[in-house]
file entry.csv (CSV, C-alpha atoms and all ligand atoms)
chain,number,residue,atom,x,y,z
K,1137,MET,CA,107.0,110.6,109.2
K,1138,GLU,CA,103.8,111.5,107.3
K,1139,LYS,CA,101.3,108.7,107.3
K,1140,GLU,CA,100.1,107.6,103.8
K,1141,LEU,CA,96.4,107.4,103.4
K,1142,LEU,CA,95.3,104.1,102.0
K,1143,LEU,CA,91.6,104.5,101.9
K,1144,GLU,CA,88.8,106.8,103.0
K,1145,VAL,CA,85.1,106.1,103.2
K,1146,SER,CA,82.6,108.8,103.9
K,1147,ASP,CA,78.9,108.7,104.9
K,1148,ILE,CA,78.5,105.0,104.0
K,1149,GLN,CA,74.9,103.9,104.4
K,1150,LYS,CA,73.6,100.4,104.0
K,1151,SER,CA,70.1,99.0,104.6
K,1152,TYR,CA,68.7,95.5,104.1
K,1153,GLN,CA,65.2,95.1,102.8
K,1154,ILE,CA,63.7,92.7,105.4
K,1155,THR,CA,60.0,92.8,104.2
K,1156,LYS,CA,58.3,95.0,101.7
K,1157,GLN,CA,57.6,97.6,104.4
K,1158,ASN,CA,60.5,96.9,106.6
K,1159,ASN,CA,64.1,98.2,106.0
K,1160,LEU,CA,66.9,97.4,108.4
K,1161,ARG,CA,69.3,100.3,108.5
K,1162,VAL,CA,72.7,98.7,109.4
K,1163,LEU,CA,75.3,101.4,108.5
K,1164,LYS,CA,74.0,104.9,109.1
K,1165,GLY,CA,76.9,107.1,107.9
K,1166,VAL,CA,80.3,105.5,108.4
K,1167,HIS,CA,83.3,107.7,108.1
K,1168,LEU,CA,86.7,106.0,108.2
K,1169,LYS,CA,90.3,106.7,107.2
K,1170,ILE,CA,92.8,103.9,107.1
K,1171,TYR,CA,96.6,104.5,106.7
K,1172,ALA,CA,99.0,102.3,104.9
K,1173,GLY,CA,100.7,99.7,107.1
K,1174,GLU,CA,98.2,99.9,110.0
K,1175,ILE,CA,96.6,97.0,111.7
K,1176,VAL,CA,93.2,98.1,112.8
K,1177,ALA,CA,90.7,96.1,114.8
K,1178,ILE,CA,87.0,96.5,114.2
K,1179,VAL,CA,84.9,95.7,117.2
K,1180,GLY,CA,81.2,96.0,118.2
K,1181,LYS,CA,78.3,93.9,119.3
K,1182,SER,CA,77.0,91.0,117.2
K,1183,GLY,CA,74.7,92.5,114.5
K,1184,ALA,CA,76.4,95.9,114.7
K,1185,GLY,CA,77.4,95.8,111.0
K,1186,LYS,CA,81.0,94.8,111.2
K,1187,SER,CA,80.8,92.1,108.5
K,1188,THR,CA,78.6,94.4,106.4
K,1189,LEU,CA,81.3,97.2,106.5
K,1190,LEU,CA,84.0,94.7,105.7
K,1191,HIS,CA,82.1,93.5,102.7
K,1192,ILE,CA,81.7,97.0,101.4
K,1193,LEU,CA,85.4,97.8,102.0
K,1194,GLY,CA,86.2,94.6,100.1
K,1195,THR,CA,83.9,95.7,97.3
K,1196,LEU,CA,82.0,92.4,97.6
K,1197,ASP,CA,78.9,94.6,98.2
K,1198,ARG,CA,78.0,98.2,97.2
K,1199,PRO,CA,76.6,100.6,99.8
K,1200,ASP,CA,73.3,102.4,99.3
K,1201,SER,CA,75.2,105.7,99.4
K,1202,GLY,CA,78.6,107.1,100.4
K,1203,LYS,CA,82.0,107.4,98.9
K,1204,TYR,CA,85.0,105.1,98.9
K,1205,ILE,CA,88.4,106.4,97.8
K,1206,PHE,CA,91.2,103.9,97.7
K,1207,ARG,CA,94.6,105.3,96.9
K,1208,GLY,CA,93.0,108.3,95.3
K,1209,SER,CA,90.5,106.3,93.1
K,1210,ASP,CA,86.8,106.4,93.5
K,1211,VAL,CA,86.2,102.7,93.5
K,1212,PHE,CA,82.4,102.7,93.4
K,1213,SER,CA,82.6,104.5,90.1
K,1214,TYR,CA,84.1,101.4,88.7
K,1215,SER,CA,82.2,98.9,86.5
K,1216,ASP,CA,81.6,95.5,88.0
K,1217,LYS,CA,84.4,94.1,85.8
K,1218,GLN,CA,86.9,96.8,86.9
K,1219,LEU,CA,85.8,96.2,90.5
K,1220,ALA,CA,86.5,92.5,90.2
K,1221,ASP,CA,89.9,93.3,88.9
K,1222,PHE,CA,90.6,95.8,91.6
K,1223,ARG,CA,89.4,93.3,94.2
K,1224,SER,CA,91.6,90.4,93.0
K,1225,LYS,CA,94.7,92.6,92.8
K,1226,LYS,CA,94.4,94.9,95.8
K,1227,ILE,CA,92.5,93.1,98.4
K,1228,GLY,CA,93.0,89.9,100.3
K,1229,PHE,CA,90.3,88.2,102.4
K,1230,ILE,CA,90.6,86.0,105.5
K,1231,PHE,CA,87.4,84.6,107.0
K,1232,GLN,CA,86.5,82.8,110.2
K,1233,PHE,CA,86.3,79.5,108.4
K,1234,HIS,CA,89.2,78.9,106.1
K,1235,HIS,CA,87.0,78.3,103.0
K,1236,LEU,CA,89.8,76.3,101.3
K,1237,LEU,CA,88.7,74.2,98.3
K,1238,PRO,CA,88.5,70.7,99.7
K,1239,GLU,CA,89.6,68.9,96.5
K,1240,PHE,CA,92.8,70.9,96.1
K,1241,THR,CA,96.1,70.8,98.1
K,1242,ALA,CA,97.2,73.6,100.3
K,1243,GLN,CA,99.7,74.7,97.6
K,1244,GLU,CA,97.0,74.6,94.9
K,1245,ASN,CA,94.6,76.6,97.0
K,1246,VAL,CA,97.2,79.3,97.3
K,1247,LEU,CA,98.1,79.1,93.6
K,1248,ILE,CA,94.5,79.6,92.4
K,1249,PRO,CA,94.3,83.4,93.1
K,1250,THR,CA,97.6,83.9,91.2
K,1251,MET,CA,96.0,82.2,88.2
K,1252,ILE,CA,92.8,84.3,88.6
K,1253,ALA,CA,95.0,87.5,88.6
K,1254,GLY,CA,96.7,86.2,85.5
K,1255,LYS,CA,100.1,85.8,87.0
K,1256,LYS,CA,100.5,82.1,88.0
K,1257,ASN,CA,103.6,82.0,90.2
K,1258,VAL,CA,104.6,78.8,91.9
K,1259,VAL,CA,107.8,80.3,93.3
K,1260,GLU,CA,105.8,83.0,95.1
K,1261,VAL,CA,103.3,80.5,96.3
K,1262,ASN,CA,106.0,78.4,97.9
K,1263,ARG,CA,107.6,81.4,99.4
K,1264,ILE,CA,104.4,82.6,101.1
K,1265,LEU,CA,103.7,79.0,102.3
K,1266,GLU,CA,107.1,79.1,103.9
K,1267,ASP,CA,106.2,82.4,105.6
K,1268,VAL,CA,103.2,80.8,107.2
K,1269,GLY,CA,105.1,77.7,108.1
K,1270,ILE,CA,103.2,75.2,105.9
K,1271,THR,CA,105.9,74.1,103.6
K,1272,ASP,CA,105.9,70.5,104.8
K,1273,ARG,CA,102.1,70.3,104.5
K,1274,ALA,CA,101.9,72.0,101.1
K,1275,HIS,CA,100.8,68.9,99.2
K,1276,HIS,CA,98.1,67.9,101.6
K,1277,LYS,CA,94.4,68.6,101.2
K,1278,PRO,CA,92.5,70.7,103.8
K,1279,SER,CA,91.0,67.6,105.3
K,1280,GLU,CA,94.5,66.3,106.0
K,1281,ILE,CA,95.7,69.3,108.0
K,1282,SER,CA,94.7,70.8,111.3
K,1283,GLY,CA,92.3,73.8,111.7
K,1284,GLY,CA,95.2,76.1,112.7
K,1285,GLU,CA,97.2,75.0,109.7
K,1286,ALA,CA,94.2,75.5,107.3
K,1287,GLN,CA,93.8,79.0,108.6
K,1288,ARG,CA,97.5,79.7,107.9
K,1289,VAL,CA,97.0,78.4,104.4
K,1290,ALA,CA,94.1,80.8,104.1
K,1291,ILE,CA,96.3,83.6,105.2
K,1292,ALA,CA,98.9,82.6,102.5
K,1293,ARG,CA,96.1,82.6,100.0
K,1294,ALA,CA,95.0,86.1,101.1
K,1295,LEU,CA,98.5,87.5,100.8
K,1296,VAL,CA,99.8,85.7,97.6
K,1297,ASN,CA,98.9,88.5,95.2
K,1298,SER,CA,100.5,91.1,97.4
K,1299,PRO,CA,97.3,93.0,98.1
K,1300,ASP,CA,97.5,96.5,99.6
K,1301,LEU,CA,94.7,95.7,102.1
K,1302,ILE,CA,93.9,92.5,103.9
K,1303,LEU,CA,90.4,92.2,105.4
K,1304,ALA,CA,89.9,89.6,108.0
K,1305,ASP,CA,86.5,88.7,109.6
K,1306,GLU,CA,87.1,87.0,112.9
K,1307,PRO,CA,90.2,85.1,111.7
K,1308,THR,CA,90.7,83.5,115.1
K,1309,GLY,CA,87.0,82.9,115.8
K,1310,ASN,CA,87.1,79.2,115.0
K,1311,LEU,CA,90.4,78.4,116.7
K,1312,ASP,CA,91.5,77.4,120.2
K,1313,THR,CA,93.7,79.8,122.2
K,1314,GLU,CA,97.0,78.3,121.1
K,1315,ASN,CA,96.1,78.3,117.4
K,1316,ALA,CA,94.5,81.8,117.7
K,1317,ASP,CA,97.7,83.1,119.3
K,1318,ALA,CA,99.8,81.6,116.4
K,1319,VAL,CA,97.6,83.2,113.8
K,1320,ILE,CA,97.8,86.6,115.6
K,1321,ASN,CA,101.5,86.4,115.9
K,1322,LEU,CA,101.7,85.4,112.3
K,1323,ILE,CA,99.7,88.4,111.2
K,1324,PHE,CA,102.0,90.8,113.1
K,1325,SER,CA,105.1,89.2,111.7
K,1326,LEU,CA,103.8,89.3,108.1
K,1327,ARG,CA,103.0,93.0,108.6
K,1328,GLU,CA,106.6,93.5,109.7
K,1329,LYS,CA,107.8,91.7,106.6
K,1330,TYR,CA,105.5,93.1,103.9
K,1331,ASN,CA,104.2,96.3,105.4
K,1332,GLN,CA,100.6,95.6,104.3
K,1333,THR,CA,97.5,97.0,105.9
K,1334,TYR,CA,95.1,94.9,107.9
K,1335,LEU,CA,91.5,95.5,109.0
K,1336,ILE,CA,90.5,92.8,111.4
K,1337,VAL,CA,87.0,92.2,112.8
K,1338,THR,CA,87.5,90.4,116.1
K,1339,HIS,CA,85.7,89.5,119.3
K,1340,ASN,CA,89.1,88.7,120.8
K,1341,GLU,CA,89.8,91.5,123.3
K,1342,GLU,CA,93.5,90.7,123.6
K,1343,PHE,CA,94.0,90.7,119.8
K,1344,ALA,CA,92.1,94.0,119.5
K,1345,GLN,CA,94.3,95.6,122.2
K,1346,ARG,CA,97.5,94.6,120.3
K,1347,CYS,CA,96.3,96.3,117.1
K,1348,ASP,CA,97.5,99.8,116.3
K,1349,ARG,CA,94.0,101.2,116.6
K,1350,ILE,CA,90.5,100.0,117.6
K,1351,ILE,CA,87.4,101.1,115.7
K,1352,LYS,CA,84.1,100.5,117.4
K,1353,ILE,CA,80.8,100.2,115.5
K,1354,SER,CA,77.7,100.9,117.4
K,1355,ASP,CA,74.2,101.8,116.2
K,1356,GLY,CA,75.4,102.0,112.6
K,1357,ILE,CA,78.2,104.5,113.1
K,1358,ILE,CA,81.8,104.5,114.3
K,1359,ILE,CA,82.2,105.8,117.8
K,1401,LIG,N1,72.0,89.9,103.4
K,1401,LIG,C1,71.3,90.3,104.5
K,1401,LIG,N2,69.9,90.5,104.5
K,1401,LIG,C2,69.3,91.0,105.5
K,1401,LIG,N3,69.8,91.3,106.7
K,1401,LIG,C3,71.2,91.2,106.8
K,1401,LIG,C4,72.0,90.7,105.7
K,1401,LIG,N4,73.3,90.7,106.1
K,1401,LIG,C5,73.3,91.1,107.4
K,1401,LIG,N5,72.0,91.4,107.8
K,1401,LIG,C6,71.7,92.0,109.1
K,1401,LIG,O1,72.4,93.2,109.3
K,1401,LIG,C7,72.9,93.4,110.6
K,1401,LIG,C8,74.4,93.5,110.6
K,1401,LIG,O2,75.0,92.2,110.2
K,1401,LIG,P1,76.5,92.0,110.2
K,1401,LIG,O3,76.7,90.6,109.7
K,1401,LIG,O4,77.2,93.1,109.5
K,1401,LIG,O5,76.8,92.0,111.8
K,1401,LIG,P2,78.2,91.7,112.5
K,1401,LIG,O6,78.6,93.0,113.3
K,1401,LIG,O7,79.2,91.2,111.6
K,1401,LIG,O8,77.8,90.6,113.6
K,1401,LIG,P3,78.6,89.3,114.1
K,1401,LIG,O9,79.5,89.8,115.2
K,1401,LIG,O10,77.5,88.5,114.7
K,1401,LIG,O11,79.3,88.7,113.0
K,1401,LIG,C9,72.3,92.2,111.4
K,1401,LIG,O12,71.1,92.5,112.0
K,1401,LIG,C10,72.1,91.2,110.3
K,1401,LIG,O13,71.0,90.3,110.6
K,1402,MG,MG,80.1,89.4,111.4
call {"tool": "encode", "arguments": {"input": "entry.csv", "output": "structure tokens"}}
result
Amino acid sequence: MEKELLLEVSDIQKSYQITKQNNLRVLKGVHLKIYAGEIVAIVGKSGAGKSTLLHILGTLDRPDSGKYIFRGSDVFSYSDKQLADFRSKKIGFIFQFHHLLPEFTAQENVLIPTMIAGKKNVVEVNRILEDVGITDRAHHKPSEISGGEAQRVAIARALVNSPDLILADEPTGNLDTENADAVINLIFSLREKYNQTYLIVTHNEEFAQRCDRIIKISDGIII
């Protein structure tokens, strides 16, 4: 079967201005193709630019130069407003720390992105909470659930708008082995069910090995 191209970036460059004279070149020409339905691990040393690349792919940040084609569209030609709309509908984010809003319940935390996308949908929220095994904790606040449960709520939040692409930055980095394994297994079972595409930055070698493909960043390029 022909693989469907989800996104392609070419010659992505990104520097950070450290001082007036000093520029830190982080991405020095990244080329990358991601196909629909893949789970791809991104690995590399600390400081290699993994989070920087993920931010650019998530359109949270613009590169200095380079092209980004997502399902045939040139995303960096979008206005900031179009980009925000694209981001809220097409991309889900999972971070190392769950970043749930402390004053809201698990269910409300997952509901918020549906409201931002203009399609508030409690039925869908409850369904995705069931997928991640949080139904009986849905009305608790983040401080009243465990770290592993909070991360599963964060996964539900990332998936609730049915994004095409889920970007995860060390999603198991803050969890013990047991909870990390639960999160990893969950991601694979969600992929089976929804056939979404995952790009996962991880320092967990076992996790990386289970992915369909491993991409390594070194010295600002993909090797
Ligand atoms: N906003 C910023 N301003 C200046 N420098 C930055 C900024 N963000 C990142 N950097 C620098 O860019 C380099 C790449 O950072 P990045 O966060 O992408 O690394 P990483 O591969 O995700 O590392 P880690 O595995 O530790 O998370 C680092 O040297 C970092 O200090
Ligand atoms: Mg990082």
call {"tool": "residues_near_ligand", "arguments": {"input": "entry.csv", "ligand": "ligand MG 1402 (chain K)", "cutoff": "8 Å", "atoms": "only C-alpha atoms and all ligand atoms", "output": "PyMOL selection string"}}
result
chain K and resi 1182-1183+1185-1188+1305-1306+1337
call {"tool": "closest_residue", "arguments": {"input": "entry.csv", "among": "K:Ala1220, K:Val1289, K:Ile1357, K:Leu1295", "to": "K:Thr1250", "atoms": "all atoms listed in the file"}}
result
K:Leu1295
call {"tool": "closest_residue", "arguments": {"input": "entry.csv", "among": "K:Phe1231, K:Tyr1330, K:Phe1206, K:Phe1212", "to": "ligand LIG 1401 (chain K)", "atoms": "all atoms listed in the file"}}
result
K:Phe1231
call {"tool": "closest_residue", "arguments": {"input": "entry.csv", "among": "K:Glu1144, K:Glu1280, K:Asp1200, K:Asp1267", "to": "K:Ala1172", "atoms": "all atoms listed in the file"}}
result
K:Glu1144
call {"tool": "closest_atom_pairs", "arguments": {"input": "entry.csv", "of": "stretch 1308-1331 of chain K", "to": "stretch 1234-1237 of chain K", "cutoff": "12 Å", "atoms": "all atoms listed in the file", "output": "Markdown table"}}
result
| residue | atom | partner | partner_atom | distance |
| --- | --- | --- | --- | --- |
| K:Thr1308 | CA | K:His1234 | CA | 10.2 |
| K:Gly1309 | CA | K:His1234 | CA | 10.7 |
| K:Asn1310 | CA | K:His1234 | CA | 9.1 |
| K:Leu1311 | CA | K:His1234 | CA | 10.7 |
call {"tool": "write_last_selection", "arguments": {"input": "entry.csv", "atoms": "C-alpha atoms", "output": "compact mmCIF listing (two decimals), keeping the file's coordinate frame"}}
result
# COMPACT_ATOMS: atom_id res chain seq x y z
CA THR K 1308 90.70 83.50 115.10
CA GLY K 1309 87.00 82.90 115.80
CA ASN K 1310 87.10 79.20 115.00
CA LEU K 1311 90.40 78.40 116.70
call {"tool": "atom_distance", "arguments": {"input": "entry.csv", "atom1": "atom CA of K:Arg1161", "atom2": "atom CA of K:His1191"}}
result
15.6 Å
call {"tool": "residues_around", "arguments": {"input": "entry.csv", "residues": "K:Asn1245", "least_positions_apart": "5", "cutoff": "12 Å", "atoms": "all atoms listed in the file", "output": "PyMOL selection string"}}
result
chain K and resi 1234-1240+1250-1252+1258+1261-1262+1265+1274-1278+1286-1294+1296
call {"tool": "residues_around", "arguments": {"input": "entry.csv", "residues": "K:Leu1303", "least_positions_apart": "2", "cutoff": "6 Å", "atoms": "only C-alpha atoms", "output": "MDAnalysis selection string"}}
result
chainID K and resid 1229 1334:1335
call {"tool": "closest_residue", "arguments": {"input": "entry.csv", "among": "K:Gln1243, K:Asn1315, K:Ser1279, K:Gln1153", "to": "ligand LIG 1401 (chain K)", "atoms": "only C-alpha atoms and all ligand atoms"}}
result
K:Gln1153
call {"tool": "closest_residue", "arguments": {"input": "entry.csv", "among": "K:Ala1344, K:Leu1141, K:Val1211, K:Ile1353", "to": "ligand LIG 1401 (chain K)", "atoms": "all atoms listed in the file"}}
result
K:Ile1353
call {"tool": "axis_aligned_box", "arguments": {"input": "entry.csv", "around": "ligand LIG 1401 (chain K)", "padding_each_side": "3 Å", "output": "lines of an AutoDock Vina configuration file"}}
result
center_x = 74.4
center_y = 91.0
center_z = 109.3
size_x = 16.2
size_y = 11.0
size_z = 17.8
call {"tool": "closest_residue", "arguments": {"input": "entry.csv", "among": "K:Ile1264, K:Ile1230, K:Ile1205, K:Ala1184", "to": "K:Leu1247", "atoms": "all atoms listed in the file"}}
result
K:Ile1264
call {"tool": "atom_distance", "arguments": {"input": "entry.csv", "atom1": "atom CA of K:Lys1164", "atom2": "atom CA of K:Lys1150"}}
result
6.8 Å
call {"tool": "atom_distance", "arguments": {"input": "entry.csv", "atom1": "atom C4 of ligand LIG 1401 (chain K)", "atom2": "atom CA of K:Lys1225"}}
result
26.2 Å
call {"tool": "residues_near_point", "arguments": {"input": "entry.csv", "point": "(83.0, 99.3, 106.2)", "cutoff": "12 Å", "atoms": "all atoms listed in the file", "output": "VMD selection string"}}
result
chain K and resid 1143 to 1150 1162 to 1170 1177 to 1179 1184 to 1199 1202 to 1204 1303 1305 1335 to 1337 1351 to 1353 1356 to 1358
call {"tool": "residues_near_point", "arguments": {"input": "entry.csv", "point": "(94.4, 93.1, 121.1)", "cutoff": "12 Å", "atoms": "only C-alpha atoms", "output": "PDB file with C-alpha atoms, keeping the file's coordinate frame"}}
result
ATOM      1  CA  ILE K1175      96.600  97.000 111.700  1.00  0.00           C
ATOM      2  CA  VAL K1176      93.200  98.100 112.800  1.00  0.00           C
ATOM      3  CA  ALA K1177      90.700  96.100 114.800  1.00  0.00           C
ATOM      4  CA  ILE K1178      87.000  96.500 114.200  1.00  0.00           C
ATOM      5  CA  VAL K1179      84.900  95.700 117.200  1.00  0.00           C
ATOM      6  CA  THR K1308      90.700  83.500 115.100  1.00  0.00           C
ATOM      7  CA  ALA K1316      94.500  81.800 117.700  1.00  0.00           C
ATOM      8  CA  ASP K1317      97.700  83.100 119.300  1.00  0.00           C
ATOM      9  CA  ILE K1320      97.800  86.600 115.600  1.00  0.00           C
ATOM     10  CA  ASN K1321     101.500  86.400 115.900  1.00  0.00           C
ATOM     11  CA  PHE K1324     102.000  90.800 113.100  1.00  0.00           C
ATOM     12  CA  ILE K1336      90.500  92.800 111.400  1.00  0.00           C
ATOM     13  CA  VAL K1337      87.000  92.200 112.800  1.00  0.00           C
ATOM     14  CA  THR K1338      87.500  90.400 116.100  1.00  0.00           C
ATOM     15  CA  HIS K1339      85.700  89.500 119.300  1.00  0.00           C
ATOM     16  CA  ASN K1340      89.100  88.700 120.800  1.00  0.00           C
ATOM     17  CA  GLU K1341      89.800  91.500 123.300  1.00  0.00           C
ATOM     18  CA  GLU K1342      93.500  90.700 123.600  1.00  0.00           C
ATOM     19  CA  PHE K1343      94.000  90.700 119.800  1.00  0.00           C
ATOM     20  CA  ALA K1344      92.100  94.000 119.500  1.00  0.00           C
ATOM     21  CA  GLN K1345      94.300  95.600 122.200  1.00  0.00           C
ATOM     22  CA  ARG K1346      97.500  94.600 120.300  1.00  0.00           C
ATOM     23  CA  CYS K1347      96.300  96.300 117.100  1.00  0.00           C
ATOM     24  CA  ASP K1348      97.500  99.800 116.300  1.00  0.00           C
ATOM     25  CA  ARG K1349      94.000 101.200 116.600  1.00  0.00           C
ATOM     26  CA  ILE K1350      90.500 100.000 117.600  1.00  0.00           C
ATOM     27  CA  ILE K1351      87.400 101.100 115.700  1.00  0.00           C
TER      28      ILE K1351
END
call {"tool": "decode", "arguments": {"input": "entry.csv", "residues": "stretch 1175-1197 of chain K", "atoms": "C-alpha atoms", "output": "PDB file, in the first residue's frame"}}
result
ATOM      1  CA  ILE K1175       4.811   6.581  15.239  1.00  0.00           C
ATOM      2  CA  VAL K1176       8.226   8.157  14.929  1.00  0.00           C
ATOM      3  CA  ALA K1177      10.726   8.598  17.756  1.00  0.00           C
ATOM      4  CA  ILE K1178      13.016  11.623  17.785  1.00  0.00           C
ATOM      5  CA  VAL K1179      16.217  11.059  19.711  1.00  0.00           C
ATOM      6  CA  GLY K1180      19.446  12.948  20.269  1.00  0.00           C
ATOM      7  CA  LYS K1181      21.607  14.412  23.005  1.00  0.00           C
ATOM      8  CA  SER K1182      20.317  17.036  25.390  1.00  0.00           C
ATOM      9  CA  GLY K1183      20.507  20.388  23.620  1.00  0.00           C
ATOM     10  CA  ALA K1184      20.496  18.785  20.159  1.00  0.00           C
ATOM     11  CA  GLY K1185      17.382  20.711  19.148  1.00  0.00           C
ATOM     12  CA  LYS K1186      14.639  18.107  19.559  1.00  0.00           C
ATOM     13  CA  SER K1187      12.222  20.398  21.392  1.00  0.00           C
ATOM     14  CA  THR K1188      13.064  23.232  19.012  1.00  0.00           C
ATOM     15  CA  LEU K1189      12.129  21.037  16.049  1.00  0.00           C
ATOM     16  CA  LEU K1190       8.931  19.872  17.736  1.00  0.00           C
ATOM     17  CA  HIS K1191       7.908  23.465  18.406  1.00  0.00           C
ATOM     18  CA  ILE K1192       8.429  24.339  14.761  1.00  0.00           C
ATOM     19  CA  LEU K1193       6.468  21.282  13.567  1.00  0.00           C
ATOM     20  CA  GLY K1194       3.720  22.290  16.001  1.00  0.00           C
ATOM     21  CA  THR K1195       3.831  25.845  14.586  1.00  0.00           C
ATOM     22  CA  LEU K1196       4.420  27.218  18.079  1.00  0.00           C
ATOM     23  CA  ASP K1197       7.535  28.812  16.638  1.00  0.00           C
TER      24      ASP K1197
END
